[in-house]
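Novice: To start, I am sharing the structure in question, which I have written as structure tokens.
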Amino acid sequence: MQCTGNRVFYRSMKLCVIGTGYVGLVSAACFAEIGHEVIGVDINEEKVKMLKEGGCPIYEPGLPELLAKNIDAGRISFTTNLDEGINACPLIMAAVGTPVGQGRRADLSQVESVCRTIGQHTDGEKVFVMKSTVPVGTSEKCRVWVEEEMSKRGVDHHIHLVSNPEFLREGKAVKDFLEPDRIVVGYRDESAGVRMRELYQPLIDQGSNYLEMGVESAELTKYASNSFLATKISFINFIAAMCEQCDADVEKVAKGMGLDTRIAPAFLHAGIGYGGSCFPKDVQALIKTADQLGVSSQILRDVEAINEYQRDTFVRKIESGLGDVRGKNIAVWGLAFKPDTDDMRAAPSIDILTMLIDKGAKIKAFDPVSMEVAKKSLPADITLVASDSEALEGADALLVLTDWNNFKEWNPARIAEALTGKHVFDGRNIYDPKDMKNAGLTYVSIGRS
Ligand SMILES: NC(=O)c1ccc[n+]([C@@H]2O[C@H](COP(=O)([O-])OP(=O)(O)OC[C@H]3O[C@@H](n4cnc5c(N)ncnc54)[C@H](O)[C@@H]3O)[C@@H](O)[C@H]2O)c1
């Protein structure tokens with residue numbers, strides 16, 4: 001960084017981001033936005049073609065505009081050619097997938113492939129930043145994979161390993177990246193630390209919390225954070241189950257808890273449980289790591305069990321309201337695992353709708369943005385319709401599975417008029433039970449009677 005008068009000039013760094021999925025693409029666009037020169041690399045040719053043509057392969061508010069601006073400014077480009085990216089940049093960042101693998105371990109095959117390619121192609125010293133969520137100890141495996149490949153070529157370049165987990169939320173990813181609660185950076189040698197500070201300097205200067213630590217602590221911070229949030233969700237769902245047995249209202253209890261600054265209101269929303277590409281897999285991976293380290297993982301096993309119970313109980317509530325669901329017409333609002341994303345990975349809708357289809361229900365479903373993704377993720381016998389109103393036509397019941405604002409805007413009288421039957425099963429507690437009852441609807445939600 002240089003200061004001339006009142007102006008601050010940041011050193012632009014050359015960064016190669018490997019994997020242009022939800023995290024990689026947002027990171028690449030945001031690093032370009034703060035002044036760096038970024039090459040985004042992906043093995044998915046279709047995705048790279050779309051990016052090169054100015055398209056955006058995922059639904060993420062603000063991302064298309066940010067990409068267009070930085071492509072125009074010449075700060076970001078895309079390629080499928082990994083060695084081109086590796087050799088053009090002193091900083092390489094991996095943002096590839098780490099899904100659940102065999103035995104519920106994190107599957108590190110994409111990470112291994114990236115490490116080996118770096119070992120096969122690197123032409124000099126590099127800082128290798130792991131942005132993917134990886135179990136504690138992975139950095140050591142990365143070192144071995146890279147060095148094995150370099151030794152086959154008879155070269156020995158210094159690869160500085162850094163852990164820089166990402167905490168962005170889909171749907172708010174651009175804002176989360178540019179205005180983060182914290183940036184966590186784990187490294188072993190100070191020269192890597194210096195380069196990471198340069199990479200993040202514009203965000204550090206705007207006041208973002210910048211935490212430096214050892215690599216293992218950084219790796220664990222990510223799993224600890226996601227598992228803690230999943231625990232909050234399962235905890236409030238456990239309280240919701242109690243509320244249903246004792247005439248209490250979980251929304252009131254959650255508010256009473258959340259106003260305590262030690263607890264905070266976020267993630268205290270009772271519902272059909274957590275889903276998405278992160279919480280389920282990260283809880284599983286942390287259980288596995290705890291087992292390997294000889295530490296009891298019972299707390300997280302209970303978190304998972306409650307999460308599964310939420311989906312099963314929701315289906316039981318539907319059956320107890322409608323009787324046998326065979327042949328019943330069911331309207332579904334919301335398929336994505338949460339609003340403002342098209343991501344359906346491990347969405348509760350998949351489990352719930354699969355159970356209902358297996359029991360013979362006929363389903364018409366609508367989601368404001370995830371319809372294309374839904375075609376690939378849901379059983380083929382679910383009918384996907386073009387609007388929320390169309391889903392209601394001829395339906396015996398309505399299920400609300402994602403709390404999109406579009407659905408909150410429907411007033412109960414309008415729902416009662418459009419829905420053929422009377423039953424509404426709200427898995428996200430978006431309506432007031434009294435209003436729904438006054439509109440003549442039989443309304444079942446979570447933790448409220
Ligand atoms: N999605 C989130 O909200 C989120 C948030 C924080 C952290 N994370 C973590 O970030 C990582 C990436 O998650 P994601 O949701 O972006 O995944 P994703 O599946 O959307 O993207 C991964 C991308 O990597 C590409 N890829 C795979 N192997 C490659 C290789 N060898 N070379 C180049 N590209 C390759 C894939 O084609 C894909 O485009 C995961 O570890 C995840 O746990 C995700």
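Going by the structure tokens order, chains are called A, B, ..., each with residues numbered from 1, while ligands are numbered from 1 in the order shown.
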Give the residues close to ligand 1, within 9 Å, counting only C-alpha atoms and all ligand atoms; write them as a VMD selection string.

Specialist: chain A and resid 17 to 26 40 to 45 47 to 48 58 80 to 82 94 to 99 106 109 to 115 117 131 to 134 165 to 171 173 222 276 to 279 281 to 282 343

Novice: What lies within 10 Å of Asp403 (chain A) using only C-alpha atoms, ignoring chain neighbours under 6 positions off, as a ChimeraX atom specification?

Specialist: /A:271,333-340,426-430

Novice: With all heavy atoms retained, could you export that selection as a CSV table (one decimal), in the first residue's frame?

Specialist:
chain,number,residue,atom,x,y,z
A,271,GLY,N,-38.2,-24.6,12.2
A,271,GLY,CA,-38.7,-24.9,10.8
A,271,GLY,C,-38.4,-26.4,10.5
A,271,GLY,O,-38.3,-27.2,11.4
A,333,TRP,N,-44.8,-24.5,-2.2
A,333,TRP,CA,-44.2,-23.2,-2.4
A,333,TRP,C,-42.7,-23.3,-1.8
A,333,TRP,O,-42.6,-23.4,-0.6
A,333,TRP,CB,-44.9,-22.1,-1.7
A,333,TRP,CG,-46.2,-21.6,-2.4
A,333,TRP,CD1,-46.7,-22.1,-3.6
A,333,TRP,CD2,-47.1,-20.6,-2.0
A,333,TRP,NE1,-47.8,-21.4,-4.0
A,333,TRP,CE2,-48.1,-20.5,-3.0
A,333,TRP,CE3,-47.2,-19.8,-0.9
A,333,TRP,CZ2,-49.2,-19.6,-2.9
A,333,TRP,CZ3,-48.2,-18.9,-0.8
A,333,TRP,CH2,-49.2,-18.8,-1.8
A,334,GLY,N,-41.8,-23.1,-2.7
A,334,GLY,CA,-40.4,-23.1,-2.2
A,334,GLY,C,-39.7,-24.4,-2.3
A,334,GLY,O,-40.2,-25.4,-1.7
A,335,LEU,N,-38.6,-24.4,-3.0
A,335,LEU,CA,-37.8,-25.7,-3.2
A,335,LEU,C,-36.3,-25.5,-2.7
A,335,LEU,O,-35.7,-26.4,-2.2
A,335,LEU,CB,-37.8,-26.1,-4.6
A,335,LEU,CG,-39.2,-26.5,-5.1
A,335,LEU,CD1,-39.2,-26.7,-6.7
A,335,LEU,CD2,-39.8,-27.8,-4.5
A,336,ALA,N,-35.8,-24.3,-3.0
A,336,ALA,CA,-34.4,-24.0,-2.6
A,336,ALA,C,-34.2,-24.2,-1.1
A,336,ALA,O,-35.2,-24.1,-0.3
A,336,ALA,CB,-34.0,-22.6,-3.0
A,337,PHE,N,-33.0,-24.4,-0.6
A,337,PHE,CA,-32.8,-24.7,0.8
A,337,PHE,C,-33.0,-23.5,1.7
A,337,PHE,O,-33.2,-23.6,2.9
A,337,PHE,CB,-31.4,-25.4,1.0
A,337,PHE,CG,-30.3,-24.5,1.2
A,337,PHE,CD1,-29.8,-24.0,2.4
A,337,PHE,CD2,-29.6,-24.0,0.1
A,337,PHE,CE1,-28.8,-23.2,2.6
A,337,PHE,CE2,-28.5,-23.2,0.2
A,337,PHE,CZ,-28.1,-22.7,1.4
A,338,LYS,N,-32.9,-22.3,1.0
A,338,LYS,CA,-33.3,-21.1,1.7
A,338,LYS,C,-33.6,-20.0,0.7
A,338,LYS,O,-33.3,-20.3,-0.5
A,338,LYS,CB,-32.1,-20.6,2.6
A,338,LYS,CG,-30.9,-20.2,1.9
A,338,LYS,CD,-29.8,-19.7,2.8
A,338,LYS,CE,-28.6,-19.1,2.1
A,338,LYS,NZ,-27.6,-18.5,2.9
A,339,PRO,N,-34.1,-18.9,1.1
A,339,PRO,CA,-34.5,-17.9,0.0
A,339,PRO,C,-33.2,-17.2,-0.6
A,339,PRO,O,-32.1,-17.3,0.0
A,339,PRO,CB,-35.3,-16.8,0.8
A,339,PRO,CG,-35.4,-17.3,2.2
A,339,PRO,CD,-34.5,-18.5,2.4
A,340,ASP,N,-33.4,-16.6,-1.7
A,340,ASP,CA,-32.4,-15.8,-2.4
A,340,ASP,C,-31.2,-16.7,-2.9
A,340,ASP,O,-30.1,-16.2,-3.1
A,340,ASP,CB,-31.8,-14.7,-1.5
A,340,ASP,CG,-32.8,-13.7,-1.1
A,340,ASP,OD1,-33.6,-13.4,-2.0
A,340,ASP,OD2,-32.8,-13.2,0.1
A,426,ASP,N,-47.1,-25.1,7.1
A,426,ASP,CA,-46.1,-24.0,6.9
A,426,ASP,C,-44.8,-24.5,7.6
A,426,ASP,O,-44.7,-24.4,8.8
A,426,ASP,CB,-46.6,-22.7,7.5
A,426,ASP,CG,-45.6,-21.6,7.4
A,426,ASP,OD1,-44.5,-21.8,6.9
A,426,ASP,OD2,-46.0,-20.5,7.8
A,427,GLY,N,-43.8,-24.9,6.8
A,427,GLY,CA,-42.6,-25.4,7.4
A,427,GLY,C,-41.6,-24.3,7.8
A,427,GLY,O,-40.5,-24.6,8.2
A,428,ARG,N,-42.0,-23.0,7.6
A,428,ARG,CA,-41.1,-21.9,7.9
A,428,ARG,C,-41.7,-20.8,8.7
A,428,ARG,O,-41.1,-19.8,8.9
A,428,ARG,CB,-40.7,-21.3,6.5
A,428,ARG,CG,-39.9,-22.2,5.6
A,428,ARG,CD,-38.6,-22.7,6.2
A,428,ARG,NE,-37.8,-23.5,5.3
A,428,ARG,CZ,-36.7,-24.1,5.6
A,428,ARG,NH1,-36.1,-23.9,6.8
A,428,ARG,NH2,-36.0,-24.9,4.8
A,429,ASN,N,-42.9,-21.1,9.3
A,429,ASN,CA,-43.6,-20.2,10.2
A,429,ASN,C,-43.7,-18.7,9.6
A,429,ASN,O,-43.4,-17.8,10.3
A,429,ASN,CB,-42.9,-20.1,11.5
A,429,ASN,CG,-43.1,-21.4,12.4
A,429,ASN,OD1,-43.9,-22.2,11.9
A,429,ASN,ND2,-42.5,-21.4,13.5
A,430,ILE,N,-44.2,-18.6,8.3
A,430,ILE,CA,-44.2,-17.3,7.7
A,430,ILE,C,-45.5,-16.6,7.9
A,430,ILE,O,-45.6,-15.4,7.6
A,430,ILE,CB,-43.8,-17.3,6.3
A,430,ILE,CG1,-44.8,-18.0,5.4
A,430,ILE,CG2,-42.4,-17.8,6.1
A,430,ILE,CD1,-44.4,-17.8,3.9

Novice: Considering only C-alpha atoms, return as a list in words whatever protein or nucleic-acid residues lie within 9 Å of region 285-299 of chain A, sequence-local ones (same chain, fewer than 3 positions apart) excluded.

Specialist: Val100, Gly103, Arg104, Arg105, Ala106, Val134, Pro135, Val136, Leu220, Tyr223, Ala224, Ser227, Thr231, Pro280, Lys281, Asp282, Asp302, Val303 and Glu304 of chain A

Novice: Based on the selection just made, write all heavy atoms of those residues as a short mmCIF file (atom, residue, chain, number, x, y, z; two decimals), in the first residue's frame.

Specialist:
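Saved file selection-v3.cif follows:
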data_model
loop_
_atom_site.label_atom_id
_atom_site.label_comp_id
_atom_site.auth_asym_id
_atom_site.auth_seq_id
_atom_site.Cartn_x
_atom_site.Cartn_y
_atom_site.Cartn_z
N VAL A 100 -19.59 -34.63 0.83
CA VAL A 100 -19.47 -35.77 1.74
C VAL A 100 -18.98 -36.96 0.93
O VAL A 100 -19.50 -37.23 -0.16
CB VAL A 100 -20.84 -36.13 2.36
CG1 VAL A 100 -20.71 -37.33 3.29
CG2 VAL A 100 -21.43 -34.95 3.07
N GLY A 103 -17.90 -43.07 4.04
CA GLY A 103 -17.81 -43.10 5.49
C GLY A 103 -18.08 -41.73 6.10
O GLY A 103 -17.61 -41.43 7.18
N ARG A 104 -18.81 -40.88 5.41
CA ARG A 104 -19.21 -39.55 5.86
C ARG A 104 -18.00 -38.61 6.07
O ARG A 104 -18.10 -37.56 6.67
CB ARG A 104 -20.06 -39.62 7.14
CG ARG A 104 -21.43 -40.25 6.88
CD ARG A 104 -22.06 -40.87 8.12
NE ARG A 104 -22.19 -39.94 9.22
CZ ARG A 104 -23.25 -39.17 9.42
NH1 ARG A 104 -24.26 -39.20 8.59
NH2 ARG A 104 -23.30 -38.37 10.46
N ARG A 105 -16.83 -39.00 5.51
CA ARG A 105 -15.67 -38.09 5.55
C ARG A 105 -15.83 -37.04 4.47
O ARG A 105 -16.55 -37.27 3.50
CB ARG A 105 -14.39 -38.87 5.19
CG ARG A 105 -13.85 -39.72 6.28
CD ARG A 105 -12.46 -40.25 5.85
NE ARG A 105 -11.91 -41.07 6.90
CZ ARG A 105 -12.21 -42.35 7.07
NH1 ARG A 105 -13.04 -42.96 6.25
NH2 ARG A 105 -11.69 -43.03 8.08
N ALA A 106 -15.12 -35.90 4.60
CA ALA A 106 -15.09 -34.93 3.50
C ALA A 106 -14.35 -35.58 2.33
O ALA A 106 -13.27 -36.17 2.52
CB ALA A 106 -14.38 -33.67 3.95
N VAL A 134 -12.07 -27.52 4.43
CA VAL A 134 -11.37 -28.81 4.52
C VAL A 134 -11.09 -29.16 5.98
O VAL A 134 -10.84 -28.27 6.80
CB VAL A 134 -10.04 -28.79 3.73
CG1 VAL A 134 -10.29 -28.67 2.25
CG2 VAL A 134 -9.11 -27.69 4.22
N PRO A 135 -11.14 -30.46 6.31
CA PRO A 135 -10.91 -30.87 7.70
C PRO A 135 -9.53 -30.48 8.20
O PRO A 135 -8.58 -30.39 7.41
CB PRO A 135 -11.04 -32.40 7.66
CG PRO A 135 -11.76 -32.70 6.41
CD PRO A 135 -11.44 -31.61 5.44
N VAL A 136 -9.46 -30.29 9.52
CA VAL A 136 -8.18 -29.93 10.12
C VAL A 136 -7.14 -31.01 9.77
O VAL A 136 -7.44 -32.20 9.78
CB VAL A 136 -8.36 -29.72 11.65
CG1 VAL A 136 -8.83 -30.97 12.36
CG2 VAL A 136 -7.08 -29.19 12.29
N LEU A 220 -10.15 -25.38 11.51
CA LEU A 220 -11.18 -25.78 12.48
C LEU A 220 -12.21 -24.68 12.71
O LEU A 220 -13.38 -24.96 12.98
CB LEU A 220 -10.50 -26.19 13.80
CG LEU A 220 -11.32 -27.04 14.76
CD1 LEU A 220 -11.90 -28.28 14.07
CD2 LEU A 220 -10.48 -27.46 15.96
N TYR A 223 -15.32 -25.18 10.44
CA TYR A 223 -16.23 -26.26 10.85
C TYR A 223 -16.93 -25.92 12.15
O TYR A 223 -18.11 -26.22 12.34
CB TYR A 223 -15.47 -27.58 11.01
CG TYR A 223 -15.18 -28.25 9.69
CD1 TYR A 223 -13.94 -28.12 9.09
CD2 TYR A 223 -16.17 -28.96 9.03
CE1 TYR A 223 -13.68 -28.71 7.87
CE2 TYR A 223 -15.92 -29.56 7.80
CZ TYR A 223 -14.68 -29.43 7.23
OH TYR A 223 -14.43 -30.00 6.02
N ALA A 224 -16.18 -25.30 13.07
CA ALA A 224 -16.78 -24.95 14.36
C ALA A 224 -17.91 -23.94 14.15
O ALA A 224 -18.98 -24.05 14.76
CB ALA A 224 -15.70 -24.36 15.28
N SER A 227 -20.96 -25.69 12.36
CA SER A 227 -21.59 -26.67 13.25
C SER A 227 -22.31 -25.97 14.40
O SER A 227 -23.36 -26.42 14.86
CB SER A 227 -20.55 -27.65 13.79
OG SER A 227 -19.99 -28.35 12.72
N THR A 231 -26.21 -26.18 15.20
CA THR A 231 -26.63 -26.53 16.56
C THR A 231 -27.72 -25.58 17.05
O THR A 231 -28.71 -25.98 17.67
CB THR A 231 -25.42 -26.49 17.53
OG1 THR A 231 -24.43 -27.38 17.02
CG2 THR A 231 -25.80 -26.90 18.94
N PRO A 280 -25.08 -29.57 6.41
CA PRO A 280 -25.14 -31.03 6.58
C PRO A 280 -23.77 -31.69 6.42
O PRO A 280 -23.37 -32.52 7.24
CB PRO A 280 -26.11 -31.48 5.47
CG PRO A 280 -26.93 -30.27 5.16
CD PRO A 280 -26.01 -29.11 5.36
N LYS A 281 -23.04 -31.28 5.39
CA LYS A 281 -21.75 -31.96 5.15
C LYS A 281 -20.70 -31.55 6.19
O LYS A 281 -19.88 -32.36 6.60
CB LYS A 281 -21.27 -31.73 3.72
CG LYS A 281 -20.57 -30.42 3.48
CD LYS A 281 -19.92 -30.37 2.11
CE LYS A 281 -19.34 -29.00 1.81
NZ LYS A 281 -18.25 -28.57 2.66
N ASP A 282 -20.76 -30.30 6.63
CA ASP A 282 -19.74 -29.85 7.58
C ASP A 282 -19.98 -30.45 8.97
O ASP A 282 -19.02 -30.78 9.67
CB ASP A 282 -19.69 -28.32 7.63
CG ASP A 282 -19.14 -27.73 6.32
OD1 ASP A 282 -18.65 -28.51 5.48
OD2 ASP A 282 -19.22 -26.50 6.13
N ASP A 302 -26.62 -35.49 17.94
CA ASP A 302 -27.98 -35.07 18.33
C ASP A 302 -28.48 -33.96 17.40
O ASP A 302 -29.65 -33.94 17.04
CB ASP A 302 -27.99 -34.59 19.79
CG ASP A 302 -27.80 -35.76 20.76
OD1 ASP A 302 -28.02 -36.92 20.34
OD2 ASP A 302 -27.41 -35.51 21.92
N VAL A 303 -27.58 -33.05 17.03
CA VAL A 303 -27.96 -31.97 16.09
C VAL A 303 -28.48 -32.58 14.79
O VAL A 303 -29.53 -32.20 14.26
CB VAL A 303 -26.75 -31.05 15.83
CG1 VAL A 303 -26.96 -30.15 14.64
CG2 VAL A 303 -26.43 -30.23 17.07
N GLU A 304 -27.77 -33.57 14.29
CA GLU A 304 -28.18 -34.24 13.04
C GLU A 304 -29.50 -34.99 13.21
O GLU A 304 -30.38 -34.92 12.35
CB GLU A 304 -27.14 -35.30 12.67
CG GLU A 304 -25.99 -34.77 11.89
CD GLU A 304 -25.20 -35.89 11.23
OE1 GLU A 304 -25.03 -36.96 11.85
OE2 GLU A 304 -24.77 -35.70 10.08
#

Novice: Env of Ala365 (chain A): 8 Å cut, atoms = only C-alpha atoms, seq-sep filter 5 positions within chain, self excluded. Answer as a list in words.

Specialist: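 Near neighbours after the sequence-gap exclusion: Ala331, Val332, Trp333, Gly334, Leu335, Ile382, Thr383, Leu384, Val385 and Ala391 of chain A.
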
Novice: Go ahead and write the selection's residues with all heavy atoms as an mmCIF file, in the first residue's frame.

Specialist:
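Contents of out-v9.cif, freshly written:
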data_model
loop_
_atom_site.group_PDB
_atom_site.id
_atom_site.type_symbol
_atom_site.label_atom_id
_atom_site.label_comp_id
_atom_site.auth_asym_id
_atom_site.auth_seq_id
_atom_site.Cartn_x
_atom_site.Cartn_y
_atom_site.Cartn_z
ATOM 1 N N ALA A 331 -49.930 -28.627 -3.241
ATOM 2 C CA ALA A 331 -49.189 -27.494 -3.801
ATOM 3 C C ALA A 331 -47.961 -27.246 -2.930
ATOM 4 O O ALA A 331 -48.048 -27.323 -1.694
ATOM 5 C CB ALA A 331 -50.069 -26.252 -3.791
ATOM 6 N N VAL A 332 -46.836 -26.951 -3.563
ATOM 7 C CA VAL A 332 -45.614 -26.683 -2.797
ATOM 8 C C VAL A 332 -45.062 -25.318 -3.193
ATOM 9 O O VAL A 332 -44.861 -25.047 -4.379
ATOM 10 C CB VAL A 332 -44.560 -27.784 -3.049
ATOM 11 C CG1 VAL A 332 -43.244 -27.438 -2.363
ATOM 12 C CG2 VAL A 332 -45.074 -29.125 -2.559
ATOM 13 N N TRP A 333 -44.802 -24.496 -2.194
ATOM 14 C CA TRP A 333 -44.161 -23.197 -2.419
ATOM 15 C C TRP A 333 -42.749 -23.258 -1.826
ATOM 16 O O TRP A 333 -42.586 -23.391 -0.605
ATOM 17 C CB TRP A 333 -44.939 -22.081 -1.694
ATOM 18 C CG TRP A 333 -46.180 -21.631 -2.430
ATOM 19 C CD1 TRP A 333 -46.660 -22.090 -3.619
ATOM 20 C CD2 TRP A 333 -47.092 -20.606 -1.995
ATOM 21 N NE1 TRP A 333 -47.814 -21.429 -3.954
ATOM 22 C CE2 TRP A 333 -48.095 -20.508 -2.973
ATOM 23 C CE3 TRP A 333 -47.156 -19.777 -0.869
ATOM 24 C CZ2 TRP A 333 -49.155 -19.608 -2.866
ATOM 25 C CZ3 TRP A 333 -48.205 -18.879 -0.764
ATOM 26 C CH2 TRP A 333 -49.192 -18.794 -1.764
ATOM 27 N N GLY A 334 -41.766 -23.146 -2.687
ATOM 28 C CA GLY A 334 -40.382 -23.084 -2.215
ATOM 29 C C GLY A 334 -39.683 -24.422 -2.293
ATOM 30 O O GLY A 334 -40.155 -25.407 -1.726
ATOM 31 N N LEU A 335 -38.554 -24.445 -3.024
ATOM 32 C CA LEU A 335 -37.769 -25.679 -3.165
ATOM 33 C C LEU A 335 -36.317 -25.476 -2.743
ATOM 34 O O LEU A 335 -35.680 -26.390 -2.239
ATOM 35 C CB LEU A 335 -37.812 -26.150 -4.630
ATOM 36 C CG LEU A 335 -39.218 -26.498 -5.141
ATOM 37 C CD1 LEU A 335 -39.210 -26.687 -6.656
ATOM 38 C CD2 LEU A 335 -39.750 -27.753 -4.457
ATOM 39 N N ILE A 382 -42.746 -35.152 -9.945
ATOM 40 C CA ILE A 382 -43.232 -33.878 -9.395
ATOM 41 C C ILE A 382 -43.452 -32.908 -10.559
ATOM 42 O O ILE A 382 -42.588 -32.779 -11.424
ATOM 43 C CB ILE A 382 -42.218 -33.300 -8.391
ATOM 44 C CG1 ILE A 382 -42.211 -34.175 -7.131
ATOM 45 C CG2 ILE A 382 -42.520 -31.840 -8.046
ATOM 46 C CD1 ILE A 382 -41.168 -33.820 -6.135
ATOM 47 N N THR A 383 -44.622 -32.255 -10.579
ATOM 48 C CA THR A 383 -44.882 -31.294 -11.648
ATOM 49 C C THR A 383 -44.399 -29.923 -11.210
ATOM 50 O O THR A 383 -44.790 -29.428 -10.149
ATOM 51 C CB THR A 383 -46.407 -31.219 -11.933
ATOM 52 O OG1 THR A 383 -46.867 -32.542 -12.157
ATOM 53 C CG2 THR A 383 -46.707 -30.341 -13.130
ATOM 54 N N LEU A 384 -43.525 -29.324 -12.031
ATOM 55 C CA LEU A 384 -43.039 -27.974 -11.699
ATOM 56 C C LEU A 384 -43.887 -26.973 -12.469
ATOM 57 O O LEU A 384 -44.066 -27.114 -13.688
ATOM 58 C CB LEU A 384 -41.564 -27.849 -12.080
ATOM 59 C CG LEU A 384 -40.632 -28.798 -11.316
ATOM 60 C CD1 LEU A 384 -39.225 -28.757 -11.881
ATOM 61 C CD2 LEU A 384 -40.598 -28.460 -9.822
ATOM 62 N N VAL A 385 -44.450 -25.999 -11.765
ATOM 63 C CA VAL A 385 -45.358 -25.049 -12.417
ATOM 64 C C VAL A 385 -44.745 -23.651 -12.427
ATOM 65 O O VAL A 385 -43.794 -23.357 -11.698
ATOM 66 C CB VAL A 385 -46.750 -25.031 -11.726
ATOM 67 C CG1 VAL A 385 -47.452 -26.370 -11.905
ATOM 68 C CG2 VAL A 385 -46.633 -24.658 -10.261
ATOM 69 N N ALA A 391 -49.669 -23.293 -8.731
ATOM 70 C CA ALA A 391 -49.505 -24.449 -7.834
ATOM 71 C C ALA A 391 -50.774 -24.678 -7.005
ATOM 72 O O ALA A 391 -51.140 -25.821 -6.691
ATOM 73 C CB ALA A 391 -48.305 -24.221 -6.919
#

Novice: Tell me which protein, DNA and RNA residues are within 10 Å of Ile415 (chain A), counting only C-alpha atoms, leaving out same-chain ones fewer than 6 positions away, and put them as a list in words.

Specialist: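 After dropping sequence-adjacent residues, the list is Ser389, Leu392, Leu398, Phe407, Lys422, Val424, Met436, Ala439 and Leu441 of chain A.
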
Novice: Enumerate, as a PyMOL selection string, the complete set of residues in region 37-172 of chain A that a backbone-based DSSP assignment places in strand (DSSP E).

Specialist: chain A and resi 37-41+76-79+91-94+126-130+159-163

Novice: Considering only C-alpha atoms, can you say which of A:Asp312, A:Glu390, A:Glu219, A:Asp342 comes closest to Lys375 (chain A)?

Specialist: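 Of A:Asp312, A:Glu390, A:Glu219, A:Asp342, the one nearest Lys375 (chain A), counting only C-alpha atoms, is A:Asp342.
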
Novice: How many Å lie between CA of Val155 (chain A) and CA of Ala218 (chain A), rounded to one decimal?

Specialist: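 It comes out at 29.2 Å.
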
Novice: Pick out the closest residue to Gln284 (chain A) from this set: A:Met213, A:Phe425, A:Asp107, A:Glu190. Count only C-alpha atoms.

Specialist: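 Closest to Gln284 (chain A), using only C-alpha atoms: A:Asp107.
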
Novice: Tell me, as a ChimeraX atom specification, which residues lie within 8 Å of Ile86 (chain A), counting only C-alpha atoms; anything in the same chain fewer than 6 positions away does not count.

Specialist: /A:16,92,118,121-122

Novice: Keeping only all heavy atoms, write the selected residues as an mmCIF file, in the first residue's frame.

Specialist:
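Saved the output as result_5.cif:
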data_model
loop_
_atom_site.group_PDB
_atom_site.id
_atom_site.type_symbol
_atom_site.label_atom_id
_atom_site.label_comp_id
_atom_site.auth_asym_id
_atom_site.auth_seq_id
_atom_site.Cartn_x
_atom_site.Cartn_y
_atom_site.Cartn_z
ATOM 1 N N CYS A 16 -4.922 -16.529 -9.016
ATOM 2 C CA CYS A 16 -5.626 -17.552 -9.797
ATOM 3 C C CYS A 16 -6.609 -18.250 -8.857
ATOM 4 O O CYS A 16 -6.197 -18.824 -7.843
ATOM 5 C CB CYS A 16 -4.598 -18.554 -10.341
ATOM 6 S SG CYS A 16 -5.343 -20.020 -11.029
ATOM 7 N N ILE A 92 -2.292 -18.648 -5.619
ATOM 8 C CA ILE A 92 -3.267 -19.595 -6.168
ATOM 9 C C ILE A 92 -4.259 -19.924 -5.060
ATOM 10 O O ILE A 92 -3.860 -20.237 -3.931
ATOM 11 C CB ILE A 92 -2.563 -20.893 -6.622
ATOM 12 C CG1 ILE A 92 -1.478 -20.566 -7.651
ATOM 13 C CG2 ILE A 92 -3.563 -21.881 -7.192
ATOM 14 C CD1 ILE A 92 -0.554 -21.717 -7.922
ATOM 15 N N ILE A 118 -0.984 -28.476 -9.407
ATOM 16 C CA ILE A 118 -0.026 -27.419 -9.039
ATOM 17 C C ILE A 118 1.390 -28.015 -9.024
ATOM 18 O O ILE A 118 2.329 -27.459 -9.600
ATOM 19 C CB ILE A 118 -0.386 -26.806 -7.663
ATOM 20 C CG1 ILE A 118 -1.698 -26.021 -7.766
ATOM 21 C CG2 ILE A 118 0.748 -25.896 -7.162
ATOM 22 C CD1 ILE A 118 -2.241 -25.529 -6.438
ATOM 23 N N HIS A 121 2.752 -28.507 -12.524
ATOM 24 C CA HIS A 121 2.952 -27.371 -13.441
ATOM 25 C C HIS A 121 3.688 -26.173 -12.862
ATOM 26 O O HIS A 121 4.150 -25.337 -13.637
ATOM 27 C CB HIS A 121 1.598 -26.891 -13.982
ATOM 28 C CG HIS A 121 0.945 -27.916 -14.844
ATOM 29 N ND1 HIS A 121 1.326 -28.136 -16.146
ATOM 30 C CD2 HIS A 121 -0.032 -28.811 -14.572
ATOM 31 C CE1 HIS A 121 0.589 -29.120 -16.654
ATOM 32 N NE2 HIS A 121 -0.243 -29.547 -15.712
ATOM 33 N N THR A 122 3.752 -26.054 -11.538
ATOM 34 C CA THR A 122 4.281 -24.786 -11.018
ATOM 35 C C THR A 122 5.725 -24.551 -11.479
ATOM 36 O O THR A 122 6.548 -25.467 -11.508
ATOM 37 C CB THR A 122 4.147 -24.728 -9.479
ATOM 38 O OG1 THR A 122 4.503 -23.428 -9.071
ATOM 39 C CG2 THR A 122 5.031 -25.734 -8.772
#

Novice: Just checking: using only C-alpha atoms, which residue out of A:Phe177, A:Tyr431, A:Val162, A:Gln206 ends up closest to Val194 (chain A)?

Specialist: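 Closest candidate: A:Val162.
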
Novice: Using only C-alpha atoms, pick whichever of A:His157, A:Arg197, A:Arg414, A:Arg262 has the shortest atom-to-atom distance to Asp388 (chain A).

Specialist: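 Nearest candidate to Asp388 (chain A) out of A:His157, A:Arg197, A:Arg414, A:Arg262: A:Arg414.
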
Novice: Please report, as a list in words, each residue of region 80-116 of chain A to which DSSP assigns helix (DSSP H, G or I) when run on this structure's backbone.

Specialist: Leu82, Asp83, Glu84, Gly85, Ile86, Asn87, Ala88, Gln102, Gly103, Arg104, Ser109, Gln110, Val111, Glu112, Ser113, Val114, Cys115 and Arg116 of chain A

Novice: Given the choices A:Phe267, A:Phe314, A:Tyr200, A:Tyr210, which gets closest to Phe228 (chain A) if the distance is worked out from only C-alpha atoms?

Specialist: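 Distance minimum relative to Phe228 (chain A) lands on A:Phe267.
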